[in-house]
Amino acid sequence: MKKTKIILGLSLLAVTGLTLVAADHIDAPSVTGNASDITDYYAFQGQDTNNLVFAVNTQGLLSPNATGAASFNENVMIEVNIDNTGDNVEDLVIQAVRKGDKMYFFGPYAPSVKGKSSTISTTQASGSVEISKYGQSAIISNENGMKFFAGPRDDPFFFDLGQYQAILGGTATGFKAVGTDTFAGTNVLSVVIEVPKSKLGSATTLNTWVETKKKQ
């Protein structure tokens with residue numbers, strides 16, 4: 001189990017160009033490089049302003065040669081947690097689990113178990129999508145007013161690790177206007193869910209974070 005990426009204050013009201021992101025490409029040894037390793041979490045308003053998009057990236061630093069063989073683990077669940085009451089406890093969850101060549105989604109729904117443990121309510125199934133293959137066109141499904149994607153993507157996070165280390169070492173005082181993207185040419189496995197705001201409650205702000213949990 002891994003819990004990470006807290007993002008606060010995502011407005012449900014009409015906003016323009018709002019993107020919130022948390023990133024962590026070097027993680028604990030038990031999850032680094034496997035299906036439990038979350039690299040980035042993005043939450044932003046969709047092109048349809050009535051929707052919110054949640055994007056979870058895992059298994060960072062995949063080279064092009066390694067990307068084709070990378071896969072989601074059937075024993076690892078990706079869970080987006082949503083707090084719409086301001087108490088930092090999940091009121092809703094959206095869960096994604098791979099089975100065969102598809103990713104299956106559940107929620108958003110109020111979980112019966114909260115915190116470090118989770119269960120899946122199969123009655124809350126919201127859709128599924130065929131997992132896209134590396135080098136082929138992205139497959140997107142539309143079900144129950146929601147959109148789903150699962151598969152490899154170019155790592156969208158930009159970070160100049162060399163300049164960051166220079167700042168820490170005292171040989172530089174700040175980042176360059178145009179830095180060097182340390183993650184250029186590497187890939188991640190992504191799960192993307194677009195959800196109508198109406199499914200997330202009536203609160204004007206949300207707290208949201210993501211977890212990966214291994215089947216016990």
# chains A, B, ... in the order shown; residues from 1 in each chain; ligands from 1
$ closest_atom_pairs --of "stretch 29-88 of chain A" --to "stretch 128-143 of chain A" --cutoff "12 Å" --atoms "only C-alpha atoms" --output "Markdown table"
| residue | atom | partner | partner_atom | distance |
| --- | --- | --- | --- | --- |
| A:Leu62 | CA | A:Tyr134 | CA | 11.6 |
| A:Ser63 | CA | A:Tyr134 | CA | 11.6 |
| A:Pro64 | CA | A:Tyr134 | CA | 8.9 |
| A:Asn65 | CA | A:Tyr134 | CA | 10.2 |
| A:Ala66 | CA | A:Tyr134 | CA | 10.1 |
| A:Thr67 | CA | A:Tyr134 | CA | 6.8 |
| A:Gly68 | CA | A:Tyr134 | CA | 5.5 |
| A:Ala69 | CA | A:Tyr134 | CA | 8.9 |
| A:Ala70 | CA | A:Tyr134 | CA | 9.3 |
| A:Ser71 | CA | A:Ile131 | CA | 9.2 |
| A:Phe72 | CA | A:Ile131 | CA | 9.1 |
$ write_last_selection --atoms "N, CA, C and O atoms" --output "compact mmCIF listing (two decimals), in the first residue's frame"
# COMPACT_ATOMS: atom_id res chain seq x y z
N LEU A 62 10.33 4.85 -17.58
CA LEU A 62 10.34 3.74 -18.54
C LEU A 62 11.01 4.19 -19.83
O LEU A 62 10.61 5.18 -20.44
N SER A 63 12.02 3.47 -20.27
CA SER A 63 12.64 3.77 -21.55
C SER A 63 11.71 3.29 -22.66
O SER A 63 10.85 2.44 -22.45
N PRO A 64 11.87 3.82 -23.88
CA PRO A 64 11.04 3.33 -24.99
C PRO A 64 11.16 1.81 -25.17
O PRO A 64 10.17 1.15 -25.48
N ASN A 65 12.35 1.25 -24.97
CA ASN A 65 12.53 -0.20 -25.12
C ASN A 65 11.80 -1.00 -24.04
O ASN A 65 11.40 -2.14 -24.27
N ALA A 66 11.64 -0.39 -22.86
CA ALA A 66 10.99 -1.11 -21.76
C ALA A 66 9.49 -0.89 -21.70
O ALA A 66 8.77 -1.64 -21.04
N THR A 67 8.98 0.13 -22.40
CA THR A 67 7.58 0.51 -22.25
C THR A 67 6.63 -0.56 -22.76
O THR A 67 5.59 -0.82 -22.16
N GLY A 68 6.98 -1.20 -23.86
CA GLY A 68 6.09 -2.21 -24.44
C GLY A 68 5.83 -3.37 -23.50
O GLY A 68 4.75 -3.98 -23.54
N ALA A 69 6.79 -3.69 -22.66
CA ALA A 69 6.64 -4.83 -21.74
C ALA A 69 6.04 -4.42 -20.40
O ALA A 69 5.66 -5.29 -19.61
N ALA A 70 5.94 -3.12 -20.12
CA ALA A 70 5.40 -2.66 -18.84
C ALA A 70 3.89 -2.91 -18.81
O ALA A 70 3.20 -2.81 -19.83
N SER A 71 3.37 -3.21 -17.63
CA SER A 71 1.94 -3.51 -17.53
C SER A 71 1.41 -3.16 -16.15
O SER A 71 2.16 -3.09 -15.18
N PHE A 72 0.12 -2.93 -16.09
CA PHE A 72 -0.57 -2.78 -14.82
C PHE A 72 -0.69 -4.15 -14.16
O PHE A 72 -0.91 -5.16 -14.82
$ select_by_dssp --residues "chain A" --states "helix (DSSP H, G or I)" --output "JSON, numbers by chain"
{"A": [64, 65, 66, 67, 122, 123, 124, 161, 162, 163, 164, 165, 166, 167, 168, 169, 197, 198, 199, 200]}
$ write_last_selection --atoms "all heavy atoms" --output "CSV table (one decimal), in the first residue's frame"
chain,number,residue,atom,x,y,z
A,64,PRO,N,11.9,3.8,-23.9
A,64,PRO,CA,11.0,3.3,-25.0
A,64,PRO,C,11.2,1.8,-25.2
A,64,PRO,O,10.2,1.1,-25.5
A,64,PRO,CB,11.6,4.1,-26.2
A,64,PRO,CG,12.1,5.4,-25.6
A,64,PRO,CD,12.7,5.0,-24.3
A,65,ASN,N,12.4,1.2,-25.0
A,65,ASN,CA,12.5,-0.2,-25.1
A,65,ASN,C,11.8,-1.0,-24.0
A,65,ASN,O,11.4,-2.1,-24.3
A,65,ASN,CB,14.0,-0.6,-25.1
A,65,ASN,CG,14.7,-0.1,-26.3
A,65,ASN,OD1,14.1,0.1,-27.4
A,65,ASN,ND2,16.0,0.1,-26.2
A,66,ALA,N,11.6,-0.4,-22.9
A,66,ALA,CA,11.0,-1.1,-21.8
A,66,ALA,C,9.5,-0.9,-21.7
A,66,ALA,O,8.8,-1.6,-21.0
A,66,ALA,CB,11.6,-0.7,-20.4
A,67,THR,N,9.0,0.1,-22.4
A,67,THR,CA,7.6,0.5,-22.2
A,67,THR,C,6.6,-0.6,-22.8
A,67,THR,O,5.6,-0.8,-22.2
A,67,THR,CB,7.3,1.8,-23.0
A,67,THR,OG1,8.2,2.8,-22.5
A,67,THR,CG2,5.9,2.3,-22.8
A,122,THR,N,-18.7,-4.2,-6.2
A,122,THR,CA,-18.9,-4.5,-7.6
A,122,THR,C,-20.2,-3.9,-8.2
A,122,THR,O,-20.4,-3.8,-9.4
A,122,THR,CB,-18.9,-6.0,-7.9
A,122,THR,OG1,-19.9,-6.6,-7.0
A,122,THR,CG2,-17.5,-6.6,-7.6
A,123,THR,N,-21.1,-3.5,-7.2
A,123,THR,CA,-22.4,-2.9,-7.7
A,123,THR,C,-22.1,-1.5,-8.1
A,123,THR,O,-23.0,-0.8,-8.7
A,123,THR,CB,-23.4,-2.9,-6.5
A,123,THR,OG1,-22.9,-2.2,-5.4
A,123,THR,CG2,-23.7,-4.4,-6.1
A,124,GLN,N,-20.9,-0.9,-7.8
A,124,GLN,CA,-20.6,0.5,-8.2
A,124,GLN,C,-19.8,0.6,-9.5
A,124,GLN,O,-19.1,1.6,-9.7
A,124,GLN,CB,-19.9,1.1,-7.0
A,124,GLN,CG,-20.7,1.2,-5.7
A,124,GLN,CD,-21.9,2.1,-5.8
A,124,GLN,OE1,-21.9,3.0,-6.6
A,124,GLN,NE2,-22.9,1.8,-5.0
A,161,LEU,N,16.6,18.1,-13.1
A,161,LEU,CA,17.2,17.5,-11.9
A,161,LEU,C,18.7,18.0,-11.7
A,161,LEU,O,19.1,18.3,-10.6
A,161,LEU,CB,17.2,15.9,-12.0
A,161,LEU,CG,17.9,15.2,-10.8
A,161,LEU,CD1,17.2,15.5,-9.5
A,161,LEU,CD2,17.9,13.7,-11.1
A,162,GLY,N,19.4,18.2,-12.8
A,162,GLY,CA,20.8,18.6,-12.7
A,162,GLY,C,20.9,20.0,-12.0
A,162,GLY,O,21.7,20.3,-11.2
A,163,GLN,N,20.0,20.9,-12.5
A,163,GLN,CA,20.0,22.3,-11.9
A,163,GLN,C,19.5,22.3,-10.5
A,163,GLN,O,20.0,23.0,-9.6
A,163,GLN,CB,19.1,23.2,-12.8
A,163,GLN,CG,19.2,24.7,-12.4
A,163,GLN,CD,20.5,25.3,-12.8
A,163,GLN,OE1,21.4,24.7,-13.4
A,163,GLN,NE2,20.7,26.6,-12.4
A,164,TYR,N,18.6,21.4,-10.2
A,164,TYR,CA,18.1,21.3,-8.8
A,164,TYR,C,19.2,20.8,-7.9
A,164,TYR,O,19.4,21.4,-6.8
A,164,TYR,CB,17.0,20.3,-8.7
A,164,TYR,CG,16.4,19.9,-7.4
A,164,TYR,CD1,15.7,20.9,-6.6
A,164,TYR,CD2,16.7,18.7,-6.8
A,164,TYR,CE1,15.3,20.6,-5.4
A,164,TYR,CE2,16.2,18.4,-5.5
A,164,TYR,CZ,15.5,19.3,-4.8
A,164,TYR,OH,15.0,19.0,-3.6
A,165,GLN,N,20.0,19.9,-8.3
A,165,GLN,CA,21.2,19.4,-7.5
A,165,GLN,C,22.2,20.5,-7.4
A,165,GLN,O,22.9,20.6,-6.4
A,165,GLN,CB,21.8,18.1,-8.2
A,165,GLN,CG,20.8,16.9,-8.1
A,165,GLN,CD,21.3,15.7,-8.8
A,165,GLN,OE1,22.0,15.9,-9.9
A,165,GLN,NE2,21.0,14.5,-8.4
A,166,ALA,N,22.4,21.3,-8.4
A,166,ALA,CA,23.3,22.4,-8.4
A,166,ALA,C,22.9,23.4,-7.3
A,166,ALA,O,23.7,24.0,-6.6
A,166,ALA,CB,23.5,23.1,-9.7
A,167,ILE,N,21.6,23.7,-7.3
A,167,ILE,CA,21.1,24.6,-6.3
A,167,ILE,C,21.3,24.1,-4.9
A,167,ILE,O,21.8,24.8,-4.0
A,167,ILE,CB,19.6,24.9,-6.5
A,167,ILE,CG1,19.3,25.6,-7.8
A,167,ILE,CG2,19.0,25.7,-5.3
A,167,ILE,CD1,17.9,25.7,-8.3
A,168,LEU,N,21.1,22.8,-4.7
A,168,LEU,CA,21.3,22.2,-3.4
A,168,LEU,C,22.8,22.2,-3.0
A,168,LEU,O,23.1,22.4,-1.8
A,168,LEU,CB,20.8,20.8,-3.3
A,168,LEU,CG,19.3,20.5,-3.4
A,168,LEU,CD1,19.0,19.0,-3.4
A,168,LEU,CD2,18.6,21.3,-2.3
A,169,GLY,N,23.6,22.1,-4.0
A,169,GLY,CA,25.1,22.1,-3.8
A,169,GLY,C,25.7,23.4,-3.6
A,169,GLY,O,26.9,23.5,-3.4
A,197,LYS,N,-18.9,16.8,-12.6
A,197,LYS,CA,-18.9,17.4,-11.2
A,197,LYS,C,-20.1,17.0,-10.4
A,197,LYS,O,-20.0,16.9,-9.2
A,197,LYS,CB,-18.8,18.9,-11.3
A,197,LYS,CG,-17.5,19.4,-12.0
A,197,LYS,CD,-17.5,20.9,-12.1
A,197,LYS,CE,-16.3,21.5,-12.8
A,197,LYS,NZ,-16.3,22.9,-13.0
A,198,SER,N,-21.2,16.8,-11.1
A,198,SER,CA,-22.4,16.4,-10.4
A,198,SER,C,-22.3,15.1,-9.6
A,198,SER,O,-23.1,14.9,-8.7
A,198,SER,CB,-23.6,16.4,-11.3
A,198,SER,OG,-23.3,15.4,-12.4
A,199,LYS,N,-21.4,14.3,-10.0
A,199,LYS,CA,-21.2,13.0,-9.3
A,199,LYS,C,-20.3,13.1,-8.0
A,199,LYS,O,-20.1,12.2,-7.3
A,199,LYS,CB,-20.5,12.0,-10.2
A,199,LYS,CG,-21.4,11.5,-11.4
A,199,LYS,CD,-20.7,10.5,-12.2
A,199,LYS,CE,-21.6,10.0,-13.4
A,199,LYS,NZ,-22.7,9.1,-12.9
A,200,LEU,N,-19.7,14.3,-7.8
A,200,LEU,CA,-18.8,14.5,-6.7
A,200,LEU,C,-19.3,15.3,-5.5
A,200,LEU,O,-18.6,15.7,-4.7
A,200,LEU,CB,-17.5,15.3,-7.3
A,200,LEU,CG,-16.9,14.5,-8.5
A,200,LEU,CD1,-15.7,15.4,-9.0
A,200,LEU,CD2,-16.4,13.2,-8.1
$ atom_distance --atom1 "atom CA of A:Asn88" --atom2 "atom CA of A:Pro196"
21.6 Å
$ residues_around --residues "A:Ala55" --least-positions-apart "2" --cutoff "10 Å" --atoms "only C-alpha atoms" --output "list in words"
Val21, Asp40, Tyr41, Tyr42, Ala43, Phe44, Val53, Asn57, Val80, Phe148, Phe149, Ala150, Ser190, Val191, Val192, Ile193, Glu194 and Val210 of chain A
$ residues_around --residues "A:Gly86" --least-positions-apart "2" --cutoff "9 Å" --atoms "only C-alpha atoms" --output "VMD selection string"
chain A and resid 83 to 84 88 to 89 205 to 207
$ write_last_selection --atoms "N, CA and C atoms" --output "PDB file, in the first residue's frame"
ATOM      1  N   ASP A  83     -12.304  14.038  -0.794  1.00  0.00           N
ATOM      2  CA  ASP A  83     -12.901  14.563   0.437  1.00  0.00           C
ATOM      3  C   ASP A  83     -13.685  15.815   0.072  1.00  0.00           C
ATOM      4  N   ASN A  84     -15.005  15.783   0.238  1.00  0.00           N
ATOM      5  CA  ASN A  84     -15.820  16.949  -0.090  1.00  0.00           C
ATOM      6  C   ASN A  84     -16.447  17.593   1.148  1.00  0.00           C
ATOM      7  N   ASN A  88     -10.406  15.844   5.524  1.00  0.00           N
ATOM      8  CA  ASN A  88      -9.259  15.049   5.065  1.00  0.00           C
ATOM      9  C   ASN A  88      -9.486  13.549   5.201  1.00  0.00           C
ATOM     10  N   VAL A  89     -10.739  13.147   5.146  1.00  0.00           N
ATOM     11  CA  VAL A  89     -11.123  11.732   5.107  1.00  0.00           C
ATOM     12  C   VAL A  89     -11.941  11.527   3.846  1.00  0.00           C
ATOM     13  N   THR A 205     -15.274  23.138  -2.866  1.00  0.00           N
ATOM     14  CA  THR A 205     -13.868  22.743  -2.947  1.00  0.00           C
ATOM     15  C   THR A 205     -13.741  21.265  -2.602  1.00  0.00           C
ATOM     16  N   LEU A 206     -12.679  20.671  -3.109  1.00  0.00           N
ATOM     17  CA  LEU A 206     -12.382  19.271  -2.841  1.00  0.00           C
ATOM     18  C   LEU A 206     -10.946  19.128  -2.362  1.00  0.00           C
ATOM     19  N   ASN A 207     -10.713  18.146  -1.507  1.00  0.00           N
ATOM     20  CA  ASN A 207      -9.370  17.644  -1.250  1.00  0.00           C
ATOM     21  C   ASN A 207      -9.295  16.286  -1.936  1.00  0.00           C
TER      22      ASN A 207
END
$ residues_around --residues "stretch 90-92 of chain A" --least-positions-apart "2" --cutoff "6 Å" --atoms "only C-alpha atoms" --output "PyMOL selection string"
chain A and resi 81-83+108-110
$ atom_distance --atom1 "atom CA of A:Glu79" --atom2 "atom CA of A:Asp154"
21.7 Å
$ closest_residue --among "A:Thr186, A:Leu61, A:Ile38, A:Asp101" --to "A:Met77" --atoms "only C-alpha atoms"
A:Ile38
$ residues_around --residues "A:Phe105" --least-positions-apart "5" --cutoff "8 Å" --atoms "only C-alpha atoms" --output "list of chain:residue names"
A:Ile94, A:Gln95, A:Ala96, A:Val97, A:Ala125, A:Ser126, A:Gly127, A:Ser128
$ residues_around --residues "stretch 180-183 of chain A" --least-positions-apart "6" --cutoff "6 Å" --atoms "only C-alpha atoms" --output "list in words"
Phe158, Phe159, Asp160 and Leu161 of chain A
$ atom_distance --atom1 "atom CA of A:Trp209" --atom2 "atom CA of A:Val188"
18.6 Å
